[in-house]
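Novice: Take this structure, written in structure tokens, and hold onto it; I'll ask about it next.
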Amino acid sequence: MTLRRKRFAERRTARGYSQEGFAEALMVAVSTVIRWESGRATPRPHQRPKIANLLEITLLELEGLLIDEPPADLAAPSDLPALGPGDDDDMKRREVLGLLAVTGALVALPGSDDSPRERTDAGLLENGEGVQRGLWQVFTLSDSKQAVFPAVRRQLHALTTCLAGARSDADRARLCTMTADLYQLAGELFFDANRYTDAAQCYTLAAHAAHAGGEHDLWACAMTRHAYVELYAHRASAAQPMLAAARRVARKGDTALSTRHWVAAVQAEAHAAMGDVDACTRALDEAQKVHALDGGSRNGGWLRFDGSRLFEERGACYLRLGRPDLAEDALASALVQPLSLRRRAAVLTDLAVVGIHRRDVDQVMHYAETAIGLADQSNSGFIGKKLDGLREHLAPHMSDDRISSLDHRIAALSRTA
């Protein structure tokens, strides 16, 4: 049993549960609990909230108990200074970007170092891939995305070291694939912190590494994320060429995966930003075809598109196209679904914009105040940026004291994000 899985079992015992009692409370077989604690299986996402509740811990703390400790070869170098959540953000940013430069050179210039190398251990590769799957799970489930940063940083160091020592072409291809995976996650963390240029750099390296690893779906996803940075910066004209290229790459990928449908969903947003109703509708219809795929169309990490976001994406597109009537129906449908804090806040903010169009101040206040509460709860720069976009819609209505007060609250939130 690994150290962290041992701690999982100890936590169960500390809460007064035997393996049998714990299994009964969760309505699973005792053998399932045994497999969890031995590291031979991991609880599924839908089981984790109840497990965390029984153990009286947060979902993030639960993930910490479930992610196996990496072996010594995969751990951060011993001379690496520890950077905790309270350390200088700029220092953490510079270190990751420095790693990006080194990793980019290793991906672009294989075999340039003539020093002797040992063949990368296959077990080390398997463990590293498992760690990265766990990091994506923590990122997805965590309300505060930046809590994942220290673990990602350690894994980036370990991966760079492994890539520098890879000898065989097969090992190098797998490590390039892992690099493309991990730098997409690093980009997501920078994006959440409103570091868009840094996020774009991570996505660029991820695309190059995916190409080097021969993974078309991973490559297309990295390009789509990069394009989304431009969309978020209101530069749809810059995003469209990247999305067109991502679409071509995705066509060479696995047809069982949802990659090409996700590219279409983001293309719909670009077309909406450009005011092209027909192209937006065609792209949304293409994205809708994801529902014809089976449950294995995504991997839960760098590819999570399953069509569950289409209501909110359709609503956002209609809102941008000046059709708040159509947007409201789609956004209301999105709001009744299980949503992460970030997604819920985005939908609430869009519904507040609909309220502006309807001149319904009560609706504006209700949805915007709820979104502000989620921003305070998560400390997400993404939510703060989304709310900041609401202010341009509030500007013509500042004579209303409630609207003016709301604008000041959002401005204060943006200053502290």
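All residue names refer to the structure tokens as shown: chains lettered A, B, ... in order, residues numbered from 1 in each chain, ligands numbered from 1 in order.
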Compile a residue-level contact table for range 170-239 of chain A against range 151-158 of chain A at a cut-off of 9 Å, reporting for every qualifying residue the shortest atom pair and its distance in Å to one decimal, with only C-alpha atoms counted, rows ordered by chain and ascending number, as a tab-separated table.
Specialist:
```
residue	atom	partner	partner_atom	distance
A:Thr179	CA	A:Leu156	CA	8.1
A:Leu182	CA	A:Leu156	CA	7.3
A:Tyr183	CA	A:Leu156	CA	8.2
A:Leu185	CA	A:Val152	CA	8.0
A:Ala186	CA	A:Val152	CA	7.0
```
Novice: Those residues with all heavy atoms, as a PDB file, in the first residue's frame please?
Specialist:
```pdb
ATOM      1  N   THR A 179       4.018  15.336 -21.978  1.00  0.00           N
ATOM      2  CA  THR A 179       4.329  16.767 -21.951  1.00  0.00           C
ATOM      3  C   THR A 179       3.156  17.572 -22.496  1.00  0.00           C
ATOM      4  O   THR A 179       2.760  18.601 -21.921  1.00  0.00           O
ATOM      5  CB  THR A 179       5.594  17.043 -22.785  1.00  0.00           C
ATOM      6  OG1 THR A 179       6.709  16.391 -22.178  1.00  0.00           O
ATOM      7  CG2 THR A 179       5.876  18.536 -22.876  1.00  0.00           C
ATOM      8  N   LEU A 182       0.403  17.585 -19.830  1.00  0.00           N
ATOM      9  CA  LEU A 182       0.657  18.362 -18.619  1.00  0.00           C
ATOM     10  C   LEU A 182       0.713  19.861 -18.894  1.00  0.00           C
ATOM     11  O   LEU A 182       0.251  20.666 -18.082  1.00  0.00           O
ATOM     12  CB  LEU A 182       1.956  17.893 -17.963  1.00  0.00           C
ATOM     13  CG  LEU A 182       2.195  18.402 -16.537  1.00  0.00           C
ATOM     14  CD1 LEU A 182       1.074  17.964 -15.598  1.00  0.00           C
ATOM     15  CD2 LEU A 182       3.528  17.889 -16.005  1.00  0.00           C
ATOM     16  N   TYR A 183       1.257  20.262 -20.042  1.00  0.00           N
ATOM     17  CA  TYR A 183       1.307  21.695 -20.326  1.00  0.00           C
ATOM     18  C   TYR A 183      -0.058  22.255 -20.692  1.00  0.00           C
ATOM     19  O   TYR A 183      -0.294  23.458 -20.562  1.00  0.00           O
ATOM     20  CB  TYR A 183       2.353  22.003 -21.399  1.00  0.00           C
ATOM     21  CG  TYR A 183       3.711  22.229 -20.774  1.00  0.00           C
ATOM     22  CD1 TYR A 183       4.698  21.248 -20.795  1.00  0.00           C
ATOM     23  CD2 TYR A 183       4.005  23.420 -20.107  1.00  0.00           C
ATOM     24  CE1 TYR A 183       5.924  21.441 -20.191  1.00  0.00           C
ATOM     25  CE2 TYR A 183       5.231  23.622 -19.505  1.00  0.00           C
ATOM     26  CZ  TYR A 183       6.186  22.632 -19.540  1.00  0.00           C
ATOM     27  OH  TYR A 183       7.400  22.836 -18.931  1.00  0.00           O
ATOM     28  N   LEU A 185      -2.643  21.350 -18.924  1.00  0.00           N
ATOM     29  CA  LEU A 185      -3.131  21.605 -17.571  1.00  0.00           C
ATOM     30  C   LEU A 185      -2.475  22.857 -16.989  1.00  0.00           C
ATOM     31  O   LEU A 185      -3.137  23.683 -16.350  1.00  0.00           O
ATOM     32  CB  LEU A 185      -2.859  20.388 -16.679  1.00  0.00           C
ATOM     33  CG  LEU A 185      -3.289  20.509 -15.210  1.00  0.00           C
ATOM     34  CD1 LEU A 185      -4.747  20.939 -15.077  1.00  0.00           C
ATOM     35  CD2 LEU A 185      -3.062  19.189 -14.483  1.00  0.00           C
ATOM     36  N   ALA A 186      -1.171  23.016 -17.208  1.00  0.00           N
ATOM     37  CA  ALA A 186      -0.499  24.230 -16.744  1.00  0.00           C
ATOM     38  C   ALA A 186      -1.133  25.462 -17.393  1.00  0.00           C
ATOM     39  O   ALA A 186      -1.336  26.499 -16.737  1.00  0.00           O
ATOM     40  CB  ALA A 186       0.990  24.166 -17.073  1.00  0.00           C
TER      41      ALA A 186
END
```
Novice: As a ChimeraX atom specification, please: the residues near range 4-16 of chain A (cut-off 12 Å, only C-alpha atoms, same-chain neighbours under 3 positions excluded).
Specialist: /A:1,19-23,25,33-43,51-57,61-70
Novice: Name all residues at most 6 Å from Ala239 in chain A (count only C-alpha atoms; drop same-chain ones fewer than 3 positions away) and give them as a PyMOL selection string.
Specialist: chain A and resi 227+230+236+242
Novice: Find the residues near Leu97 in chain A: any atom within 9 Å, counting only C-alpha atoms, skip ones fewer than 5 places away on the same chain, and give them as number ranges by chain.
Specialist: A: 92, 102, 198, 201-202
Novice: What gap, in Å, lies between CA of Ala105 in chain A and CA of Val229 in chain A?
Specialist: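 Value for the CA of Ala105 in chain A-CA of Val229 in chain A distance: 23.8 Å.
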Novice: Write out as JSON, numbers by chain the residues lying within 6 Å of range 207-212 of chain A, counting only C-alpha atoms and excluding same-chain residues fewer than 2 positions away.
Specialist: {"A": [176, 177, 180, 204, 205, 214, 215, 218, 219, 222]}
Novice: Now that the selection is made, can you save its residues with all heavy atoms as a PDB file, in the first residue's frame?
Specialist:
```
ATOM      1  N   CYS A 176       6.693  12.830 -24.838  1.00  0.00           N
ATOM      2  CA  CYS A 176       6.164  13.994 -25.541  1.00  0.00           C
ATOM      3  C   CYS A 176       4.649  14.080 -25.359  1.00  0.00           C
ATOM      4  O   CYS A 176       4.089  15.178 -25.171  1.00  0.00           O
ATOM      5  CB  CYS A 176       6.517  13.930 -27.030  1.00  0.00           C
ATOM      6  SG  CYS A 176       8.239  14.370 -27.398  1.00  0.00           S
ATOM      7  N   THR A 177       3.979  12.943 -25.398  1.00  0.00           N
ATOM      8  CA  THR A 177       2.538  12.923 -25.179  1.00  0.00           C
ATOM      9  C   THR A 177       2.199  13.391 -23.769  1.00  0.00           C
ATOM     10  O   THR A 177       1.271  14.187 -23.562  1.00  0.00           O
ATOM     11  CB  THR A 177       1.985  11.508 -25.410  1.00  0.00           C
ATOM     12  OG1 THR A 177       2.225  11.131 -26.771  1.00  0.00           O
ATOM     13  CG2 THR A 177       0.502  11.441 -25.127  1.00  0.00           C
ATOM     14  N   ALA A 180       2.602  17.133 -23.609  1.00  0.00           N
ATOM     15  CA  ALA A 180       1.461  17.828 -24.205  1.00  0.00           C
ATOM     16  C   ALA A 180       0.272  17.845 -23.249  1.00  0.00           C
ATOM     17  O   ALA A 180      -0.448  18.848 -23.137  1.00  0.00           O
ATOM     18  CB  ALA A 180       1.066  17.146 -25.512  1.00  0.00           C
ATOM     19  N   THR A 204       0.949  26.393 -26.733  1.00  0.00           N
ATOM     20  CA  THR A 204       1.798  26.273 -27.918  1.00  0.00           C
ATOM     21  C   THR A 204       2.775  25.113 -27.776  1.00  0.00           C
ATOM     22  O   THR A 204       2.942  24.297 -28.693  1.00  0.00           O
ATOM     23  CB  THR A 204       2.578  27.584 -28.153  1.00  0.00           C
ATOM     24  OG1 THR A 204       1.647  28.644 -28.396  1.00  0.00           O
ATOM     25  CG2 THR A 204       3.501  27.464 -29.359  1.00  0.00           C
ATOM     26  N   LEU A 205       3.425  25.023 -26.604  1.00  0.00           N
ATOM     27  CA  LEU A 205       4.337  23.902 -26.378  1.00  0.00           C
ATOM     28  C   LEU A 205       3.578  22.580 -26.381  1.00  0.00           C
ATOM     29  O   LEU A 205       4.055  21.576 -26.929  1.00  0.00           O
ATOM     30  CB  LEU A 205       5.079  24.065 -25.052  1.00  0.00           C
ATOM     31  CG  LEU A 205       5.968  22.881 -24.662  1.00  0.00           C
ATOM     32  CD1 LEU A 205       7.022  22.595 -25.734  1.00  0.00           C
ATOM     33  CD2 LEU A 205       6.637  23.109 -23.315  1.00  0.00           C
ATOM     34  N   GLY A 214       2.924  12.252 -32.001  1.00  0.00           N
ATOM     35  CA  GLY A 214       2.029  11.617 -32.961  1.00  0.00           C
ATOM     36  C   GLY A 214       0.594  11.502 -32.496  1.00  0.00           C
ATOM     37  O   GLY A 214      -0.131  10.615 -32.942  1.00  0.00           O
ATOM     38  N   GLU A 215       0.151  12.427 -31.600  1.00  0.00           N
ATOM     39  CA  GLU A 215      -1.207  12.370 -31.045  1.00  0.00           C
ATOM     40  C   GLU A 215      -2.044  13.517 -31.606  1.00  0.00           C
ATOM     41  O   GLU A 215      -1.989  14.648 -31.127  1.00  0.00           O
ATOM     42  CB  GLU A 215      -1.148  12.452 -29.517  1.00  0.00           C
ATOM     43  CG  GLU A 215      -0.503  11.256 -28.850  1.00  0.00           C
ATOM     44  CD  GLU A 215      -1.385  10.016 -28.951  1.00  0.00           C
ATOM     45  OE1 GLU A 215      -2.606  10.157 -29.170  1.00  0.00           O
ATOM     46  OE2 GLU A 215      -0.836   8.909 -28.808  1.00  0.00           O
ATOM     47  N   LEU A 218      -4.803  15.140 -29.129  1.00  0.00           N
ATOM     48  CA  LEU A 218      -4.148  15.968 -28.126  1.00  0.00           C
ATOM     49  C   LEU A 218      -3.656  17.271 -28.759  1.00  0.00           C
ATOM     50  O   LEU A 218      -3.759  18.354 -28.171  1.00  0.00           O
ATOM     51  CB  LEU A 218      -2.985  15.177 -27.524  1.00  0.00           C
ATOM     52  CG  LEU A 218      -2.269  15.722 -26.298  1.00  0.00           C
ATOM     53  CD1 LEU A 218      -3.223  15.952 -25.149  1.00  0.00           C
ATOM     54  CD2 LEU A 218      -1.179  14.737 -25.874  1.00  0.00           C
ATOM     55  N   TRP A 219      -3.125  17.176 -29.959  1.00  0.00           N
ATOM     56  CA  TRP A 219      -2.635  18.329 -30.716  1.00  0.00           C
ATOM     57  C   TRP A 219      -3.785  19.303 -30.999  1.00  0.00           C
ATOM     58  O   TRP A 219      -3.673  20.518 -30.769  1.00  0.00           O
ATOM     59  CB  TRP A 219      -2.007  17.807 -31.997  1.00  0.00           C
ATOM     60  CG  TRP A 219      -1.391  18.793 -32.937  1.00  0.00           C
ATOM     61  CD1 TRP A 219      -1.222  20.142 -32.758  1.00  0.00           C
ATOM     62  CD2 TRP A 219      -0.857  18.497 -34.237  1.00  0.00           C
ATOM     63  NE1 TRP A 219      -0.618  20.696 -33.855  1.00  0.00           N
ATOM     64  CE2 TRP A 219      -0.375  19.714 -34.778  1.00  0.00           C
ATOM     65  CE3 TRP A 219      -0.731  17.314 -34.985  1.00  0.00           C
ATOM     66  CZ2 TRP A 219       0.209  19.788 -36.041  1.00  0.00           C
ATOM     67  CZ3 TRP A 219      -0.141  17.387 -36.237  1.00  0.00           C
ATOM     68  CH2 TRP A 219       0.325  18.607 -36.760  1.00  0.00           C
ATOM     69  N   ALA A 222      -4.940  21.176 -27.842  1.00  0.00           N
ATOM     70  CA  ALA A 222      -4.023  22.249 -27.441  1.00  0.00           C
ATOM     71  C   ALA A 222      -4.251  23.493 -28.303  1.00  0.00           C
ATOM     72  O   ALA A 222      -4.269  24.625 -27.802  1.00  0.00           O
ATOM     73  CB  ALA A 222      -2.578  21.779 -27.548  1.00  0.00           C
TER      74      ALA A 222
END
```
Novice: Can you tell me which residues surround Leu406 in chain A at a distance of at most 9 Å, considering only C-alpha atoms, apart from same-chain residues fewer than 5 positions away, and format the answer as a tab-separated table (two decimals) with C-alpha atoms, in the first residue's frame?
Specialist:
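Result file follows (result-v7.tsv):
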```tsv
chain	number	residue	atom	x	y	z
A	365	MET	CA	-29.19	41.86	-9.38
A	368	ALA	CA	-25.02	38.95	-10.70
A	369	GLU	CA	-24.98	38.82	-6.87
A	391	ARG	CA	-19.84	46.02	-16.55
A	394	LEU	CA	-24.26	48.01	-16.87
A	401	ASP	CA	-28.53	53.10	-7.54
A	411	ALA	CA	-14.85	46.62	-9.90
```
Novice: Please measure the separation of CA of Ser142 in chain A and CA of Thr370 in chain A, giving the value in Å to one decimal.
Specialist: 19.1 Å
Novice: Can you check which residues of range 132-280 of chain A DSSP gives as helix (DSSP H, G or I) on the backbone and send them as number ranges by chain?
Specialist: A: 132-141, 145-165, 169-192, 196-213, 216-232, 236-251, 259-273, 277-280
Novice: Between A:Lys385, A:Arg260, A:Arg402, A:His393, single out the one closest to Asn194 in chain A, counting only C-alpha atoms.
Specialist: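 So, comparing all the options, the nearest one is A:Lys385.
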Novice: I want to know what sits within 9 Å of range 344-360 of chain A, based on only C-alpha atoms, with residues of the same chain fewer than 3 positions away left out; could you give that as a short mmCIF file (atom, residue, chain, number, x, y, z; two decimals) with N, CA and C atoms, in the first residue's frame?
Specialist:
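File written: out.cif
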```cif
data_model
loop_
_atom_site.label_atom_id
_atom_site.label_comp_id
_atom_site.auth_asym_id
_atom_site.auth_seq_id
_atom_site.Cartn_x
_atom_site.Cartn_y
_atom_site.Cartn_z
N GLU A 312 -25.17 25.95 -22.29
CA GLU A 312 -24.56 27.22 -21.90
C GLU A 312 -23.79 27.85 -23.06
N GLY A 315 -26.34 29.31 -25.41
CA GLY A 315 -26.86 30.54 -24.82
C GLY A 315 -25.90 31.70 -24.97
N ALA A 316 -24.60 31.44 -24.72
CA ALA A 316 -23.60 32.50 -24.86
C ALA A 316 -23.51 32.98 -26.31
N LEU A 319 -26.56 35.12 -27.16
CA LEU A 319 -26.45 36.41 -26.49
C LEU A 319 -25.53 37.34 -27.27
N PRO A 324 -31.26 37.68 -27.13
CA PRO A 324 -31.41 37.32 -25.72
C PRO A 324 -32.60 36.41 -25.45
N ASP A 325 -33.63 36.46 -26.30
CA ASP A 325 -34.79 35.59 -26.12
C ASP A 325 -34.40 34.13 -26.26
N ALA A 327 -31.30 33.05 -26.08
CA ALA A 327 -30.23 32.79 -25.10
C ALA A 327 -30.81 32.40 -23.75
N GLU A 328 -31.87 33.05 -23.32
CA GLU A 328 -32.41 32.80 -21.98
C GLU A 328 -32.89 31.37 -21.83
N LEU A 331 -29.79 29.12 -21.55
CA LEU A 331 -29.08 29.32 -20.28
C LEU A 331 -29.87 28.77 -19.10
N ALA A 332 -31.18 28.92 -19.14
CA ALA A 332 -32.02 28.37 -18.07
C ALA A 332 -31.92 26.84 -18.05
N ALA A 334 -29.30 25.18 -18.98
CA ALA A 334 -27.96 24.88 -18.46
C ALA A 334 -27.94 24.95 -16.94
N LEU A 335 -28.68 25.90 -16.38
CA LEU A 335 -28.61 26.15 -14.95
C LEU A 335 -29.19 25.01 -14.11
N PRO A 338 -25.97 19.84 -13.22
CA PRO A 338 -24.85 19.95 -12.29
C PRO A 338 -23.71 20.71 -12.96
N LEU A 339 -23.27 21.81 -12.36
CA LEU A 339 -22.23 22.64 -12.94
C LEU A 339 -21.13 22.92 -11.91
N SER A 340 -19.91 23.07 -12.39
CA SER A 340 -18.82 23.51 -11.53
C SER A 340 -19.07 24.97 -11.14
N LEU A 341 -18.35 25.46 -10.14
CA LEU A 341 -18.53 26.85 -9.74
C LEU A 341 -18.25 27.80 -10.89
N GLN A 363 -33.78 40.91 -12.05
CA GLN A 363 -33.10 39.75 -12.62
C GLN A 363 -31.59 39.99 -12.66
N VAL A 364 -31.20 41.18 -13.07
CA VAL A 364 -29.77 41.50 -13.12
C VAL A 364 -29.14 41.33 -11.75
N MET A 365 -29.75 41.90 -10.73
CA MET A 365 -29.19 41.86 -9.38
C MET A 365 -29.13 40.44 -8.84
N HIS A 366 -30.19 39.69 -9.05
CA HIS A 366 -30.24 38.32 -8.52
C HIS A 366 -29.11 37.47 -9.08
N TYR A 367 -28.99 37.44 -10.40
CA TYR A 367 -27.98 36.57 -11.02
C TYR A 367 -26.56 37.08 -10.78
N ALA A 368 -26.37 38.40 -10.87
CA ALA A 368 -25.02 38.95 -10.70
C ALA A 368 -24.54 38.76 -9.26
N THR A 370 -25.39 36.44 -7.14
CA THR A 370 -25.08 35.03 -6.94
C THR A 370 -23.72 34.68 -7.55
N ALA A 371 -23.44 35.23 -8.73
CA ALA A 371 -22.14 34.99 -9.38
C ALA A 371 -21.00 35.59 -8.56
N ILE A 372 -21.22 36.77 -7.98
CA ILE A 372 -20.19 37.39 -7.13
C ILE A 372 -19.90 36.50 -5.92
N GLY A 373 -20.95 35.93 -5.35
CA GLY A 373 -20.75 35.01 -4.23
C GLY A 373 -19.90 33.81 -4.61
N LEU A 374 -20.08 33.30 -5.81
CA LEU A 374 -19.27 32.17 -6.28
C LEU A 374 -17.82 32.61 -6.52
N ALA A 375 -17.65 33.84 -6.99
CA ALA A 375 -16.29 34.36 -7.19
C ALA A 375 -15.56 34.47 -5.85
N PHE A 382 -11.05 33.57 -13.50
CA PHE A 382 -11.96 33.38 -14.63
C PHE A 382 -13.32 34.00 -14.32
N ILE A 383 -13.84 33.74 -13.11
CA ILE A 383 -15.15 34.29 -12.76
C ILE A 383 -15.08 35.80 -12.66
N LYS A 386 -15.12 37.21 -16.11
CA LYS A 386 -16.46 37.08 -16.70
C LYS A 386 -17.38 38.18 -16.16
N LEU A 387 -17.34 38.41 -14.85
CA LEU A 387 -18.16 39.46 -14.27
C LEU A 387 -17.74 40.84 -14.74
N GLY A 389 -16.78 41.59 -17.61
CA GLY A 389 -17.40 41.80 -18.91
C GLY A 389 -18.85 42.27 -18.80
N LEU A 390 -19.48 42.00 -17.64
CA LEU A 390 -20.85 42.46 -17.43
C LEU A 390 -20.92 43.98 -17.29
N HIS A 393 -22.19 46.26 -20.01
CA HIS A 393 -23.64 46.25 -20.18
C HIS A 393 -24.33 47.09 -19.11
N LEU A 394 -23.67 47.22 -17.96
CA LEU A 394 -24.26 48.01 -16.87
C LEU A 394 -24.10 49.51 -17.11
N HIS A 397 -26.83 52.16 -17.56
CA HIS A 397 -27.91 52.12 -16.56
C HIS A 397 -27.42 52.56 -15.18
#
```
